[in-house]
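Q: Structure below; questions to follow.
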Protein chains: 2
Amino acid sequence: MAANSQFATAVHVLTILAKNNKERVKSDYIAGSVNTNPVVIRRLLSSLQEANLVESQVGVAGGTFLAKRPKDIRLSEIYKAVSCGEVFALHPNKPDENCPVGKNIAAILCELQKEIDKTVEEKLNQYTLRDLIEKIEEN
Amino acid sequence: MAANSQFATAVHVLTILAKNNKERVKSDYIAGSVNTNPVVIRRLLSSLQEANLVESQVGVAGGTFLAKRPKDIRLSEIYKAVSCGEVFALHPNKPDENCPVGKNIAAILCELQKEIDKTVEEKLNQYTLRDLIEKIEEN
DNA sequence: TGAACTGTATCAATAAATGTTACAAAATAA
DNA sequence: TTATTTTGTAACATTTATTGATACAGTTCA
């Protein structure tokens, strides 16, 4: 499949919204910057709205704007809003129950998976959207 | 696509090899425990062999065994041997160069991506295969 | 009332991963 | 030396996650 790039796209979209302050931005405009279809953007905005990161207005002169200030949006919130949150996947098939290893490995891997995911989340929690915007402006 | 479960499978496979000490284990047997096709296992073993984690012998009475002791195999080595090593993907399409955000976002995201990947690797470096095996035996 | 939006359902296209088949090459044992 | 067993790998099929596209109902506002 295509690799999941929703987190990267979400950061891009939120940065655009931040730059436009409290103005309503149209999905068409955002799609132009991201270079994709407006529906893809609206779908993503839907997830971000559910996480209370953005607000949208329908109708003429509608569009989307940030629901919080960039300094109050942590990257971990963005990550949680759009990802399934798993760094590596578990086996697609159930291991053989008759094998002593197969029988017990799944639980151990699941535990490890959670620990790694938590590590990523903690790291992303150290940055806010404002931190990223400042880096962009340094260029 | 199907989610990449190679790391989880690799850990499973290496645990089986560890349990069988220095005996040669056949891909058919491993495939039984993992519940997949032997060729999938041989393909994975090929990557692990390249990373010097296992050795294989072809022919009658052939099979695979660990190239190092479990306490000398760090989970980070396994991860590097089988993954592309990216927690989240960048945009599939190139952002619009005319947009001030689109123009600069890729570099920032790439930097962030590397930092997150490094965080995961460091965490996985804290554990050895033996640590996992001990956990399994506690059950 | 008409125009310009979002929201969302549905389907098509793409791409990555796994699963399968086939067979050459190697090792061993009889 | 021949038959057997096993790895290694190429080639292709299948599955599934993601993105992209089309269509249209529902809102808002002039």
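Within each chain, counting starts at residue 1; across the structure tokens, chains are named A, B, ... in the order shown, with ligands numbered 1 upward in that order.
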Near chain D, meaning an atom within 9 Å, which residues of chain A appear when counting only C-alpha atoms (C1' of nucleotides)? Write them as a PDB file with C-alpha atoms, in the first residue's frame.
A:
```
ATOM      1  CA  MET A   1       0.000   0.000   0.000  1.00  0.00           C
ATOM      2  CA  ALA A   2       0.913   3.612   0.070  1.00  0.00           C
ATOM      3  CA  ALA A   3       2.656   4.507   3.323  1.00  0.00           C
ATOM      4  CA  ASN A   4       0.598   6.367   5.904  1.00  0.00           C
ATOM      5  CA  SER A   5       1.536  10.038   5.683  1.00  0.00           C
ATOM      6  CA  THR A  36      -3.589  16.563  -3.186  1.00  0.00           C
ATOM      7  CA  ASN A  37      -7.354  16.373  -3.533  1.00  0.00           C
ATOM      8  CA  VAL A  39     -11.513  15.664  -0.125  1.00  0.00           C
ATOM      9  CA  VAL A  40      -8.353  14.143   1.293  1.00  0.00           C
ATOM     10  CA  GLN A  57     -17.667  26.396   9.197  1.00  0.00           C
ATOM     11  CA  VAL A  58     -19.810  25.151   6.326  1.00  0.00           C
ATOM     12  CA  GLY A  59     -21.419  27.288   3.646  1.00  0.00           C
ATOM     13  CA  VAL A  60     -20.266  30.253   1.608  1.00  0.00           C
ATOM     14  CA  ALA A  61     -17.267  31.928   3.216  1.00  0.00           C
ATOM     15  CA  GLY A  62     -16.791  28.728   5.190  1.00  0.00           C
TER      16      GLY A  62
END
```
Q: For chain B, list the residues within 9 Å of chain A, counting only C-alpha atoms, and write the list as a PyMOL selection string.
A: chain B and resi 1-9+11-12+15-16+19+32-36+86-109+115-117+119-120+123-124+132+135-137+139
Q: Could you turn the residues from that selection into a file that holds C-alpha atoms, as a PDB file, in the first residue's frame?
A:
```
ATOM      1  CA  MET B   1      -1.409  -2.634   2.211  1.00  0.00           C
ATOM      2  CA  ALA B   2      -0.902  -5.203   4.826  1.00  0.00           C
ATOM      3  CA  ALA B   3       0.904  -3.691   7.793  1.00  0.00           C
ATOM      4  CA  ASN B   4       4.603  -4.465   8.084  1.00  0.00           C
ATOM      5  CA  SER B   5       4.993  -7.171  10.704  1.00  0.00           C
ATOM      6  CA  GLN B   6       8.530  -8.190   9.891  1.00  0.00           C
ATOM      7  CA  PHE B   7       9.995  -7.003  13.155  1.00  0.00           C
ATOM      8  CA  ALA B   8       7.465  -8.972  15.182  1.00  0.00           C
ATOM      9  CA  THR B   9       8.032 -12.029  13.016  1.00  0.00           C
ATOM     10  CA  VAL B  11      11.637 -11.614  17.056  1.00  0.00           C
ATOM     11  CA  HIS B  12       9.467 -14.728  16.978  1.00  0.00           C
ATOM     12  CA  THR B  15      13.307 -16.739  19.824  1.00  0.00           C
ATOM     13  CA  ILE B  16      12.676 -20.137  18.281  1.00  0.00           C
ATOM     14  CA  LYS B  19      15.334 -22.080  22.213  1.00  0.00           C
ATOM     15  CA  GLY B  32       4.543 -23.807  11.369  1.00  0.00           C
ATOM     16  CA  SER B  33       5.008 -21.857  14.579  1.00  0.00           C
ATOM     17  CA  VAL B  34       4.570 -18.472  12.905  1.00  0.00           C
ATOM     18  CA  ASN B  35       1.680 -19.829  10.826  1.00  0.00           C
ATOM     19  CA  THR B  36       2.888 -18.705   7.441  1.00  0.00           C
ATOM     20  CA  GLU B  86      10.489   5.098   9.634  1.00  0.00           C
ATOM     21  CA  VAL B  87       7.814   5.668  12.223  1.00  0.00           C
ATOM     22  CA  PHE B  88       5.770   7.968   9.998  1.00  0.00           C
ATOM     23  CA  ALA B  89       5.931   8.640   6.282  1.00  0.00           C
ATOM     24  CA  LEU B  90       6.482  11.931   4.529  1.00  0.00           C
ATOM     25  CA  HIS B  91       4.098  13.276   1.879  1.00  0.00           C
ATOM     26  CA  PRO B  92       3.781  11.062  -1.199  1.00  0.00           C
ATOM     27  CA  ASN B  93       3.492  14.193  -3.388  1.00  0.00           C
ATOM     28  CA  LYS B  94       5.785  17.177  -3.441  1.00  0.00           C
ATOM     29  CA  PRO B  95       4.189  20.188  -1.724  1.00  0.00           C
ATOM     30  CA  ASP B  96       3.588  23.398  -3.670  1.00  0.00           C
ATOM     31  CA  GLU B  97       6.828  25.356  -3.948  1.00  0.00           C
ATOM     32  CA  ASN B  98       4.944  28.637  -4.280  1.00  0.00           C
ATOM     33  CA  CYS B  99       3.355  28.307  -0.859  1.00  0.00           C
ATOM     34  CA  PRO B 100       5.631  29.546   1.936  1.00  0.00           C
ATOM     35  CA  VAL B 101       4.598  26.626   4.113  1.00  0.00           C
ATOM     36  CA  GLY B 102       4.724  24.002   1.382  1.00  0.00           C
ATOM     37  CA  LYS B 103       8.161  25.187   0.373  1.00  0.00           C
ATOM     38  CA  ASN B 104       9.770  24.583   3.764  1.00  0.00           C
ATOM     39  CA  ILE B 105       7.711  21.974   5.542  1.00  0.00           C
ATOM     40  CA  ALA B 106       9.383  18.927   3.995  1.00  0.00           C
ATOM     41  CA  ALA B 107      12.798  19.665   5.474  1.00  0.00           C
ATOM     42  CA  ILE B 108      11.361  20.214   8.944  1.00  0.00           C
ATOM     43  CA  LEU B 109       9.328  17.021   8.812  1.00  0.00           C
ATOM     44  CA  GLU B 115      14.667  12.333  15.499  1.00  0.00           C
ATOM     45  CA  ILE B 116      11.677  10.094  16.207  1.00  0.00           C
ATOM     46  CA  ASP B 117      13.298   7.141  14.468  1.00  0.00           C
ATOM     47  CA  THR B 119      14.274   7.669  19.717  1.00  0.00           C
ATOM     48  CA  VAL B 120      12.760   4.315  18.799  1.00  0.00           C
ATOM     49  CA  LYS B 123      14.665   2.419  23.188  1.00  0.00           C
ATOM     50  CA  LEU B 124      15.024  -0.887  21.347  1.00  0.00           C
ATOM     51  CA  LEU B 132      12.476 -11.140  25.900  1.00  0.00           C
ATOM     52  CA  LYS B 135       9.889 -12.683  29.991  1.00  0.00           C
ATOM     53  CA  ILE B 136       8.376 -15.541  28.030  1.00  0.00           C
ATOM     54  CA  GLU B 137       9.690 -18.029  30.533  1.00  0.00           C
ATOM     55  CA  ASN B 139       4.671 -17.047  32.069  1.00  0.00           C
TER      56      ASN B 139
END
```
Q: Return as a Markdown table the residues of chain C lying at most 8 Å from chain B, together with the closest atom-to-atom pair for each and the distance in Å to one decimal, counting only C-alpha atoms (C1' of nucleotides), with rows in chain order and ascending residue number.
A:
```
| residue | atom | partner | partner_atom | distance |
| --- | --- | --- | --- | --- |
| C:DA15 | C1' | B:Met1 | CA | 7.2 |
| C:DA16 | C1' | B:Met1 | CA | 5.2 |
| C:DA17 | C1' | B:Ala2 | CA | 5.1 |
| C:DT18 | C1' | B:Ala2 | CA | 7.3 |
| C:DG19 | C1' | B:Asn37 | CA | 6.6 |
| C:DA26 | C1' | B:Gly59 | CA | 5.5 |
| C:DA27 | C1' | B:Gly59 | CA | 4.2 |
| C:DT28 | C1' | B:Val60 | CA | 5.7 |
```
Q: What is the distance, in Å and to one decimal place, between atom CA of Glu77 of chain B and atom CA of Thr128 of chain B?
A: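 Atom CA of Thr128 of chain B lies 9.3 Å from atom CA of Glu77 of chain B.
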Q: Residues of chain B classed as alpha helix (DSSP H) by DSSP on the backbone are to be reported as a CSV table (one decimal) with C-alpha atoms, in the first residue's frame.
A:
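Written file, part06.csv:
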```csv
chain,number,residue,atom,x,y,z
B,6,GLN,CA,8.5,-8.2,9.9
B,7,PHE,CA,10.0,-7.0,13.2
B,8,ALA,CA,7.5,-9.0,15.2
B,9,THR,CA,8.0,-12.0,13.0
B,10,ALA,CA,11.8,-11.7,13.3
B,11,VAL,CA,11.6,-11.6,17.1
B,12,HIS,CA,9.5,-14.7,17.0
B,13,VAL,CA,11.8,-16.5,14.6
B,14,LEU,CA,15.0,-15.6,16.6
B,15,THR,CA,13.3,-16.7,19.8
B,16,ILE,CA,12.7,-20.1,18.3
B,17,LEU,CA,16.3,-20.3,17.2
B,18,ALA,CA,17.5,-19.4,20.7
B,19,LYS,CA,15.3,-22.1,22.2
B,27,SER,CA,12.2,-23.0,7.7
B,28,ASP,CA,9.3,-25.5,7.5
B,29,TYR,CA,9.3,-25.9,11.3
B,30,ILE,CA,9.5,-22.1,11.9
B,31,ALA,CA,6.7,-21.4,9.4
B,32,GLY,CA,4.5,-23.8,11.4
B,33,SER,CA,5.0,-21.9,14.6
B,34,VAL,CA,4.6,-18.5,12.9
B,38,PRO,CA,8.2,-21.3,4.6
B,39,VAL,CA,9.3,-19.0,1.8
B,40,VAL,CA,8.2,-16.0,3.9
B,41,ILE,CA,10.5,-17.2,6.6
B,42,ARG,CA,13.4,-17.9,4.4
B,43,ARG,CA,13.1,-14.4,3.0
B,44,LEU,CA,13.1,-13.0,6.5
B,45,LEU,CA,16.1,-15.2,7.5
B,46,SER,CA,17.9,-13.8,4.5
B,47,SER,CA,17.7,-10.3,6.0
B,48,LEU,CA,18.8,-11.6,9.4
B,49,GLN,CA,21.7,-13.4,7.8
B,50,GLU,CA,22.8,-10.2,6.1
B,75,LEU,CA,16.4,-5.5,19.6
B,76,SER,CA,17.7,-2.5,17.7
B,77,GLU,CA,19.8,-4.7,15.6
B,78,ILE,CA,16.8,-6.8,14.7
B,79,TYR,CA,14.7,-3.7,13.9
B,80,LYS,CA,17.4,-2.3,11.7
B,81,ALA,CA,17.9,-5.6,9.9
B,82,VAL,CA,14.2,-5.8,8.8
B,100,PRO,CA,5.6,29.5,1.9
B,101,VAL,CA,4.6,26.6,4.1
B,102,GLY,CA,4.7,24.0,1.4
B,103,LYS,CA,8.2,25.2,0.4
B,104,ASN,CA,9.8,24.6,3.8
B,105,ILE,CA,7.7,22.0,5.5
B,106,ALA,CA,9.4,18.9,4.0
B,107,ALA,CA,12.8,19.7,5.5
B,108,ILE,CA,11.4,20.2,8.9
B,109,LEU,CA,9.3,17.0,8.8
B,110,CYS,CA,12.3,15.1,7.6
B,111,GLU,CA,14.4,16.3,10.5
B,112,LEU,CA,11.6,15.4,12.9
B,113,GLN,CA,11.2,12.0,11.3
B,114,LYS,CA,14.9,11.2,11.9
B,115,GLU,CA,14.7,12.3,15.5
B,116,ILE,CA,11.7,10.1,16.2
B,117,ASP,CA,13.3,7.1,14.5
B,118,LYS,CA,16.4,7.6,16.6
B,119,THR,CA,14.3,7.7,19.7
B,120,VAL,CA,12.8,4.3,18.8
B,121,GLU,CA,16.1,2.8,18.0
B,122,GLU,CA,17.6,4.0,21.3
B,123,LYS,CA,14.7,2.4,23.2
B,124,LEU,CA,15.0,-0.9,21.3
B,129,LEU,CA,16.8,-11.1,22.8
B,130,ARG,CA,17.6,-12.7,26.1
B,131,ASP,CA,15.5,-10.2,28.0
B,132,LEU,CA,12.5,-11.1,25.9
B,133,ILE,CA,13.1,-14.8,26.3
B,134,GLU,CA,13.2,-14.4,30.1
B,135,LYS,CA,9.9,-12.7,30.0
B,136,ILE,CA,8.4,-15.5,28.0
B,137,GLU,CA,9.7,-18.0,30.5
B,138,GLU,CA,8.1,-16.1,33.4
```
Q: Name the residues of segment 15-117 of chain A that come out as strand (DSSP E or B) in a backbone DSSP run; write them as a list in words.
A: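 Written out, the strand (DSSP E or B) residues of segment 15-117 of chain A are Val25, Val54, Glu55, Ser56, Gln57, Gly63, Thr64, Phe65, Leu66 and Arg74 of chain A.
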Q: Take atom C1' of DA22 of chain C and atom CA of Ser56 of chain B and report the distance between them in Å, one decimal.
A: 21.6 Å
Q: Calculate how many Å separate atom CA of Lys22 of chain A from atom C1' of DG2 of chain C, rounding to one decimal.
A: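 Interatomic distance here is 28.0 Å.
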